[in-house]
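Undergrad: Have a look at this one before I ask anything.
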Amino acid sequence: MLKLAIFGSGTGSNAQAIIDAVESGMLDVEIKCILSDVAEAPILERARKHNIPALYFNCAPLKSKLDGAAEQKVLQILEEHDVDFIALAGFMRIIKDNFLNTYAGRIVNIHPSLLPSFPGLNSGKQAFDYGVKVTGCTVHYVDAGIDTGAIINQKCISIESSDTLESMMEKLHAQEHIAYPEALQWIAEGQIHYKESQDAAGTVR
Ligand code: GAR
């Protein structure tokens, strides 16, 4: 069984969807701990409510990376909690080489666009402002690039002329909450295999 850690910086609605899927028996993983670089992040409160260890780690506030002493601290926490797989869920820092090598092929992320369109920050707004008529979410392996890792699962939504950014994001989040537990279950069942070469064939289903 996958021994999962979830990393997040904010609301934690995707973490909640993963917790709910585990509790309802739809997702066969063990959530070992939930970590955040934001002390007051609601994601930590969600963990506490479900008796999951909720752990804050301090990063330099002005940096957007997980590196240096914070990276070491996180690696130590993961070892202490016997974690072997990591799901990023709204974690807003870049994971660097040392960490990626330690958990090679064992870190996944959810991104609020249909990658490779609109990588990076504020992807929902980027897509909405561009005027695309279809967008969605992507679950992908994490590699050294920004949102470039092999794609595991995608769900799409239509953007109607009556949609606002807010109503579009609501639809998008609802799809994220389906896509992430689904992707993790495929991995847990061994239906998905990570391959070193990062191209469109980087995952096999
Ligand atoms: C989600 O929409 C996720 O796709 C996005 O942050 C949100 C977190 O929401 N992630 C990124 O933008 C990563 N670049 P949540 O805290 O409610 O799960």
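If you're wondering about the labels, chains in the structure tokens are A, B, ... by order shown, residues count from 1 in each chain, ligands from 1 in order shown.
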Give me, as a PyMOL selection string, all polymer residues having an atom no more than 12 Å from Asp97 of chain A, counting only C-alpha atoms and skipping those fewer than 2 positions away in the same chain.
TA: chain A and resi 65-68+71+94-95+99-104+142-145
Undergrad: With C-alpha atoms retained, write the just-selected residues as a JSON list (two decimals), in the first residue's frame.
TA:
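Once written, part-v2.json looks like this:
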[["chain", "number", "residue", "atom", "x", "y", "z"],
["A", 65, "LYS", "CA", 11.56, 26.95, -3.63],
["A", 66, "LEU", "CA", 11.81, 24.11, -1.17],
["A", 67, "ASP", "CA", 15.54, 23.90, -0.57],
["A", 68, "GLY", "CA", 18.32, 24.29, 1.99],
["A", 71, "GLU", "CA", 14.32, 20.69, 2.39],
["A", 94, "ILE", "CA", 9.31, 24.36, -6.49],
["A", 95, "ILE", "CA", 10.85, 21.02, -5.56],
["A", 99, "PHE", "CA", 14.48, 16.09, -3.19],
["A", 100, "LEU", "CA", 13.43, 14.91, -6.66],
["A", 101, "ASN", "CA", 16.26, 12.39, -6.72],
["A", 102, "THR", "CA", 15.34, 11.04, -3.28],
["A", 103, "TYR", "CA", 11.71, 10.52, -4.34],
["A", 104, "ALA", "CA", 12.31, 9.91, -8.05],
["A", 142, "VAL", "CA", 6.78, 16.00, -10.93],
["A", 143, "ASP", "CA", 10.09, 16.47, -12.71],
["A", 144, "ALA", "CA", 12.68, 19.27, -12.71],
["A", 145, "GLY", "CA", 10.62, 21.50, -15.02]]
Undergrad: Extract, using only C-alpha atoms, all DNA, RNA and protein residues at most 7 Å from segment 162-173 of chain A, discarding same-chain residues fewer than 6 positions from it, and format them as a list in words.
TA: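 Surrounding residues, per the criterion: Gly124, Lys125, Phe128, Gly136 and Cys137 of chain A.
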Undergrad: Collect all residues with atoms no farther than 7 Å from ligand 1, counting only C-alpha atoms and all ligand atoms, and output them as a compact mmCIF listing (two decimals) with all heavy atoms, in the first residue's frame.
TA:
# COMPACT_ATOMS: atom_id res chain seq x y z
N GLY A 8 0.65 20.85 0.92
CA GLY A 8 -0.19 21.94 0.41
C GLY A 8 0.11 23.24 1.12
O GLY A 8 0.62 23.24 2.24
N SER A 9 -0.24 24.34 0.46
CA SER A 9 0.02 25.66 1.03
C SER A 9 -1.27 26.40 1.38
O SER A 9 -1.21 27.52 1.88
CB SER A 9 0.82 26.52 0.05
OG SER A 9 1.99 25.86 -0.37
N GLY A 10 -2.44 25.82 1.05
CA GLY A 10 -3.66 26.64 1.18
C GLY A 10 -4.86 25.90 1.69
O GLY A 10 -4.82 25.21 2.71
N THR A 11 -5.94 26.01 0.91
CA THR A 11 -7.26 25.55 1.34
C THR A 11 -7.34 24.06 1.62
O THR A 11 -8.03 23.63 2.54
CB THR A 11 -8.29 25.88 0.22
OG1 THR A 11 -8.04 27.22 -0.21
CG2 THR A 11 -9.69 25.74 0.70
N GLY A 12 -6.70 23.28 0.77
CA GLY A 12 -6.67 21.85 1.01
C GLY A 12 -7.91 21.10 0.54
O GLY A 12 -8.18 20.00 1.02
N SER A 13 -8.64 21.65 -0.45
CA SER A 13 -9.84 20.92 -0.89
C SER A 13 -9.44 19.63 -1.62
O SER A 13 -10.18 18.63 -1.56
CB SER A 13 -10.73 21.80 -1.77
OG SER A 13 -10.11 22.09 -3.00
N ASN A 14 -8.32 19.63 -2.31
CA ASN A 14 -7.86 18.39 -2.95
C ASN A 14 -7.41 17.37 -1.92
O ASN A 14 -7.66 16.17 -2.07
CB ASN A 14 -6.76 18.67 -3.97
CG ASN A 14 -7.33 19.17 -5.28
OD1 ASN A 14 -7.90 18.40 -6.04
ND2 ASN A 14 -7.22 20.47 -5.52
N ALA A 15 -6.72 17.84 -0.88
CA ALA A 15 -6.34 16.93 0.21
C ALA A 15 -7.61 16.33 0.81
O ALA A 15 -7.66 15.12 1.10
CB ALA A 15 -5.54 17.69 1.27
N ILE A 43 -5.40 23.53 5.15
CA ILE A 43 -5.10 22.11 4.87
C ILE A 43 -4.64 21.39 6.14
O ILE A 43 -4.96 20.22 6.35
CB ILE A 43 -4.04 21.98 3.73
CG1 ILE A 43 -3.95 20.52 3.27
CG2 ILE A 43 -2.69 22.52 4.14
CD1 ILE A 43 -3.08 20.31 2.04
N ALA A 89 -0.65 19.08 -3.44
CA ALA A 89 -2.04 19.52 -3.64
C ALA A 89 -2.11 21.00 -3.26
O ALA A 89 -2.35 21.35 -2.11
CB ALA A 89 -2.97 18.68 -2.77
N GLY A 90 -1.81 21.84 -4.26
CA GLY A 90 -1.78 23.27 -3.98
C GLY A 90 -0.54 23.67 -3.20
O GLY A 90 -0.58 24.61 -2.41
N PHE A 91 0.56 22.94 -3.43
CA PHE A 91 1.84 23.29 -2.79
C PHE A 91 2.57 24.27 -3.71
O PHE A 91 2.86 23.94 -4.86
CB PHE A 91 2.68 22.03 -2.56
CG PHE A 91 3.97 22.30 -1.83
CD1 PHE A 91 3.95 22.82 -0.54
CD2 PHE A 91 5.19 22.03 -2.42
CE1 PHE A 91 5.14 23.07 0.14
CE2 PHE A 91 6.38 22.28 -1.75
CZ PHE A 91 6.35 22.79 -0.46
N MET A 92 2.82 25.48 -3.22
CA MET A 92 3.24 26.56 -4.11
C MET A 92 4.76 26.79 -4.11
O MET A 92 5.22 27.90 -4.36
CB MET A 92 2.48 27.85 -3.76
CG MET A 92 0.97 27.70 -3.85
SD MET A 92 0.37 26.81 -5.33
CE MET A 92 0.11 28.19 -6.41
N ILE A 110 -1.17 18.12 -8.80
CA ILE A 110 -2.37 18.47 -9.57
C ILE A 110 -2.25 19.92 -10.00
O ILE A 110 -1.83 20.78 -9.21
CB ILE A 110 -3.68 18.21 -8.79
CG1 ILE A 110 -4.88 18.49 -9.70
CG2 ILE A 110 -3.78 19.02 -7.49
CD1 ILE A 110 -6.04 17.59 -9.50
N HIS A 111 -2.60 20.15 -11.26
CA HIS A 111 -2.44 21.49 -11.84
C HIS A 111 -3.77 21.93 -12.46
O HIS A 111 -4.41 21.13 -13.17
CB HIS A 111 -1.33 21.46 -12.89
CG HIS A 111 -1.07 22.81 -13.48
ND1 HIS A 111 -0.29 23.74 -12.82
CD2 HIS A 111 -1.51 23.39 -14.61
CE1 HIS A 111 -0.27 24.85 -13.55
NE2 HIS A 111 -0.99 24.66 -14.64
N PRO A 112 -4.16 23.21 -12.26
CA PRO A 112 -5.47 23.64 -12.72
C PRO A 112 -5.53 24.12 -14.18
O PRO A 112 -6.05 25.19 -14.48
CB PRO A 112 -5.82 24.78 -11.75
CG PRO A 112 -4.50 25.38 -11.42
CD PRO A 112 -3.50 24.25 -11.43
N GLY A 120 2.59 26.96 -14.77
CA GLY A 120 2.98 28.06 -13.88
C GLY A 120 1.85 28.52 -12.98
O GLY A 120 0.94 27.75 -12.67
N LEU A 121 1.90 29.80 -12.63
CA LEU A 121 0.96 30.33 -11.64
C LEU A 121 -0.32 30.86 -12.29
O LEU A 121 -0.33 31.20 -13.47
CB LEU A 121 1.63 31.47 -10.86
CG LEU A 121 2.80 31.05 -9.97
CD1 LEU A 121 3.44 32.28 -9.34
CD2 LEU A 121 2.36 30.06 -8.90
N ASN A 122 -1.38 30.93 -11.50
CA ASN A 122 -2.67 31.51 -11.91
C ASN A 122 -3.17 30.94 -13.24
O ASN A 122 -3.64 31.66 -14.12
CB ASN A 122 -2.54 33.04 -12.03
CG ASN A 122 -2.13 33.67 -10.72
OD1 ASN A 122 -2.63 33.28 -9.67
ND2 ASN A 122 -1.18 34.59 -10.76
N SER A 123 -3.08 29.63 -13.36
CA SER A 123 -3.40 28.99 -14.64
C SER A 123 -4.87 29.11 -15.00
O SER A 123 -5.22 29.24 -16.19
CB SER A 123 -3.02 27.52 -14.58
OG SER A 123 -1.66 27.44 -14.27
N CYS A 137 -8.11 20.12 -15.64
CA CYS A 137 -7.05 19.90 -14.66
C CYS A 137 -6.20 18.72 -15.12
O CYS A 137 -6.63 17.88 -15.92
CB CYS A 137 -7.63 19.65 -13.28
SG CYS A 137 -8.65 18.16 -13.19
N HIS A 173 -12.51 22.90 -9.93
CA HIS A 173 -12.16 22.23 -8.67
C HIS A 173 -12.94 20.93 -8.49
O HIS A 173 -12.39 19.94 -8.02
CB HIS A 173 -12.41 23.17 -7.48
CG HIS A 173 -11.36 24.22 -7.33
ND1 HIS A 173 -11.62 25.54 -7.08
CD2 HIS A 173 -10.02 24.14 -7.41
CE1 HIS A 173 -10.50 26.23 -7.02
NE2 HIS A 173 -9.51 25.39 -7.23
N GLU A 176 -11.13 18.40 -10.33
CA GLU A 176 -9.87 18.05 -9.63
C GLU A 176 -10.15 17.00 -8.56
O GLU A 176 -9.36 16.06 -8.38
CB GLU A 176 -9.25 19.28 -8.98
CG GLU A 176 -8.65 20.27 -9.96
CD GLU A 176 -7.82 21.35 -9.27
OE1 GLU A 176 -8.16 21.77 -8.14
OE2 GLU A 176 -6.83 21.77 -9.87
Undergrad: Would you list the contacts of Ile187 of chain A as a VMD selection string, taking every protein, DNA or RNA residue within 12 Å and counting only C-alpha atoms, but skipping same-chain residues closer than 4 positions in sequence?
TA: chain A and resid 1 to 4 27 to 29 85 to 87 105 to 108 139 to 141 152 to 153 180 to 183 191 to 194 203 to 205
Undergrad: So how many Å separate atom CA of His50 of chain A and atom CA of His177 of chain A, to one decimal?
TA: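 Spanning atom CA of His50 of chain A to atom CA of His177 of chain A is a straight-line distance of 17.7 Å.
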Undergrad: By how many Å are atom CA of Phe57 of chain A and atom CA of Ile34 of chain A apart?
TA: 10.8 Å
Undergrad: So how far away is atom CA of Glu45 of chain A from atom CA of Val74 of chain A, in Å?
TA: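 Straight-line distance from atom CA of Val74 of chain A to atom CA of Glu45 of chain A works out to 18.9 Å.
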Undergrad: List every residue of segment 3-66 of chain A that DSSP, applied to the backbone, labels as strand (DSSP E), and write the result as JSON, numbers by chain.
TA: {"A": [3, 4, 5, 6, 7, 29, 30, 31, 32, 33, 34, 35, 36, 54, 55, 56, 65, 66]}
Undergrad: Take the selection from the previous step and output its residues with N, CA and C atoms, as an mmCIF file, in the first residue's frame.
TA:
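Just written: out.cif:
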data_model
loop_
_atom_site.group_PDB
_atom_site.id
_atom_site.type_symbol
_atom_site.label_atom_id
_atom_site.label_comp_id
_atom_site.auth_asym_id
_atom_site.auth_seq_id
_atom_site.Cartn_x
_atom_site.Cartn_y
_atom_site.Cartn_z
ATOM 1 N N LYS A 3 2.328 4.645 1.014
ATOM 2 C CA LYS A 3 2.352 5.398 2.275
ATOM 3 C C LYS A 3 2.546 6.863 1.895
ATOM 4 N N LEU A 4 1.421 7.584 1.906
ATOM 5 C CA LEU A 4 1.338 8.880 1.250
ATOM 6 C C LEU A 4 1.540 10.052 2.204
ATOM 7 N N ALA A 5 2.268 11.081 1.715
ATOM 8 C CA ALA A 5 2.258 12.401 2.351
ATOM 9 C C ALA A 5 1.623 13.362 1.363
ATOM 10 N N ILE A 6 0.823 14.291 1.876
ATOM 11 C CA ILE A 6 0.229 15.333 1.031
ATOM 12 C C ILE A 6 0.855 16.659 1.441
ATOM 13 N N PHE A 7 1.312 17.419 0.438
ATOM 14 C CA PHE A 7 1.881 18.756 0.686
ATOM 15 C C PHE A 7 0.916 19.807 0.141
ATOM 16 N N VAL A 29 -4.859 3.840 -0.196
ATOM 17 C CA VAL A 29 -3.539 4.318 0.242
ATOM 18 C C VAL A 29 -3.645 4.655 1.721
ATOM 19 N N GLU A 30 -2.468 4.759 2.354
ATOM 20 C CA GLU A 30 -2.450 5.186 3.751
ATOM 21 C C GLU A 30 -1.887 6.605 3.803
ATOM 22 N N ILE A 31 -2.650 7.547 4.345
ATOM 23 C CA ILE A 31 -2.152 8.928 4.450
ATOM 24 C C ILE A 31 -1.357 9.038 5.747
ATOM 25 N N LYS A 32 -0.047 9.161 5.591
ATOM 26 C CA LYS A 32 0.839 9.156 6.767
ATOM 27 C C LYS A 32 0.891 10.523 7.433
ATOM 28 N N CYS A 33 0.873 11.583 6.637
ATOM 29 C CA CYS A 33 0.949 12.929 7.201
ATOM 30 C C CYS A 33 0.611 13.962 6.120
ATOM 31 N N ILE A 34 0.269 15.167 6.583
ATOM 32 C CA ILE A 34 0.011 16.293 5.683
ATOM 33 C C ILE A 34 0.931 17.425 6.114
ATOM 34 N N LEU A 35 1.655 17.980 5.144
ATOM 35 C CA LEU A 35 2.671 18.994 5.450
ATOM 36 C C LEU A 35 2.321 20.311 4.767
ATOM 37 N N SER A 36 2.667 21.410 5.429
ATOM 38 C CA SER A 36 2.462 22.716 4.809
ATOM 39 C C SER A 36 3.586 23.676 5.175
ATOM 40 N N ALA A 54 -0.409 16.613 11.245
ATOM 41 C CA ALA A 54 -0.395 17.872 10.474
ATOM 42 C C ALA A 54 0.901 18.593 10.825
ATOM 43 N N LEU A 55 1.763 18.782 9.838
ATOM 44 C CA LEU A 55 3.106 19.269 10.133
ATOM 45 C C LEU A 55 3.434 20.516 9.329
ATOM 46 N N TYR A 56 3.830 21.543 10.042
ATOM 47 C CA TYR A 56 4.267 22.791 9.411
ATOM 48 C C TYR A 56 5.792 22.797 9.353
ATOM 49 N N LYS A 65 11.076 28.330 -3.491
ATOM 50 C CA LYS A 65 11.558 26.954 -3.629
ATOM 51 C C LYS A 65 11.509 26.240 -2.284
ATOM 52 N N LEU A 66 11.571 24.904 -2.369
ATOM 53 C CA LEU A 66 11.814 24.108 -1.172
ATOM 54 C C LEU A 66 13.267 23.669 -1.275
#
